[in-house]
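This report concerns only the one structure given below.
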Amino acid sequence: MEYKHYRNLPDQTGHYGPYGGFYNLPKELEEQFKEITHAYLTISKSHKFITELRSIRKHFQGRPTPVYFAERLSNMVGGARIYLKREDLNHTGAHKLNHCMGEALLASYMGKKKLIAETGAGQHGVATATAAAYFGLECEIHMGEIDIEKQMPNVIRMKLLGANVIPVKTGLRTLKEAVDSAFVSYLKDPKNSLYCIGSVVGPHPYPMLVRDFQHVVGVEAREQFFEMTGELPDNLVACVGGGSNSIGIFTGFLDDDTEIYGVEPSGKSLNIGGHSATLTYGTPGIIHGFKCYLLQDEKGEPAPVYSIASGLDYPGVGPEHCYLKDNGRVHYVTVNDEECLEAFYTLSKVEGIIPALESSHAVAYAIKLAETKKYQSILVNLSGRGDKDIDFITSNFGYTAEEMHKRYPEYAKSRK
Ligand SMILES: *Cc1c(COP(=O)(O)O)cnc(C)c1O
């Protein structure tokens with residue numbers, strides 16, 4: 001096969017087909033991002049950097065994470081074999097640390113003193129603060145006031161890890177304003193700080209840099225799956241928010257025959273503000289300095305988005321996913337809140353693994369897919385563990401799927 005997807009993208013200007021690049025950014029910011037691109041392409045390809053990152057992954061993060069055959073779940077769904085790539089066993093409980101440790105190692109090689117990041121639900125903030133603590137860097141996390149109230153345990157974690165949490169009081173006081181605020185703060189002292197984005201989004205080089213640091217998931221999973229079964233998976237499934245856990249595992253398999261599925265949240269309704277299925281229902285637009293499919297209003301402003309999994313509710317999506325949708329290599333599909341919850345309860349009870357609500361979307365789609373792929377294998381990227389979600393779920397829906405079915409009608413009304 002001549003064409004190697006992973007080696008060919010992005011192009012020199014940071015584009016994946018028409019998507020990506022950098023747009024509508026202040027000149028100074030553009031200059032800074034060019035400098036980071038250059039530093040990344042030289043430093044991160046050195047043997048010293050690679051060796052150090054591998055050592056961190058092994059001894060601090062606990063990599064490689066295992067691939068696990070979910071036998072009881074497979075029996076339950078009637079034939080198809082379901083396997084899980086256990087990113088939930090990564091230190092801090094999700095895949096996000098994969099790119100945060102890479103970004104922080106790059107920052108320390110570049111002689112930076114501080115990491116700056118935004119966070120919505122707090123997961124990226126915690127991962128960035130963890131990486132900063134490891135390298136002895138200062139850490140500044142921008143977070144909307146509304147999110148601070150909602151996500152107090154993560155705010156406490158970030159503070160314990162030594163981060164300075166900056167409340168953002170403008171606009172809707174959530175993720176979008178937090179990104180703007182982090183950009184402004186970064187521009188005050190770009191020489192001594194590095195901006196760490198939370199997914200494969202934002203201006204070039206971030207979608208490339210975060211993808212490359214997450215690529216380890218795909219490389220490991222391909223080797224592990226082959227060793228376990230003597231073949232490659234027939235199907236691969238991962239959830240898509242900004243798109244980092246999914247692109248990480250997908251890039252291990254893009255040049256193979258594996259059918260690949262990215263799962264977006266169709267939430268509670270398909271009205272504006274009821275879901276966050278960007279690739280399925282969005283149209284090309286610009287957000288946070290890059291071009292991608294976007295859920296937007298008539299004026300091109302990002303539309304309000306929603307998912308029961310707060311890590312999935314971003315109105316844009318990584319530019320490489322947009323490219324993979326257009327060329328048909330990856331199928332983008334949806335799972336709604338109720339299917340996600342059902343999968344959450346099922347995996348917990350049947351396998352003894354409590355998944356994050358984000359990852360539950362991927363599990364739910366694998367269960368659906370199993371009905372039509374009886375004699376095939378399905379590898380699911382289990383991006384994170386569900387400890388962060390259990391208070392919210394048990395207080396709203398109870399402890400079992402049966403309880404959830406009884407209580408769901410009232411909950412559905414209360415959310416309108
Ligand atoms: C943040 C998060 C996601 C969504 O982010 P991606 O960049 O799309 O991977 C998915 N799963 C978990 C557990 C998360 O914390």
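To be explicit about the labels: the chains of the structure tokens are called A, B, and onward in the order shown, and within each one the residues are counted from 1, while ligands get numbers from 1 in the order they are shown.
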
If we count only C-alpha atoms, what is near segment 133-135 of chain A at a cut-off of 9 Å, once residues fewer than 5 positions away on the same chain are taken out, given as a ChimeraX atom specification? /A:101,104-105,108,128,161-163

Excluding same-chain residues fewer than 2 positions from Leu232 of chain A, what lies within 12 Å of it counting only C-alpha atoms, as a count of residues only? 27

Hey, which residues sit close to ligand 1? Say within 6 Å, counting only C-alpha atoms and all ligand atoms, and write them as a PyMOL selection string. chain A and resi 94+123+199+240-246+311-312+356+358-359+383-384

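Across the model, the gap from atom CA of Pro304 of chain A to atom CA of Gln214 of chain A is 27.9 Å.
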
Contact check, segment 185-276 of chain A to segment 11-17 of chain A, at most 9 Å, counting only C-alpha atoms, closest pairs as a tab-separated table:
residue	atom	partner	partner_atom	distance
A:Pro203	CA	A:Gly14	CA	8.2
A:His204	CA	A:Gly14	CA	5.2
A:Pro205	CA	A:Gly14	CA	6.6
A:Pro207	CA	A:Gly14	CA	8.6
A:Met208	CA	A:Gly14	CA	8.0
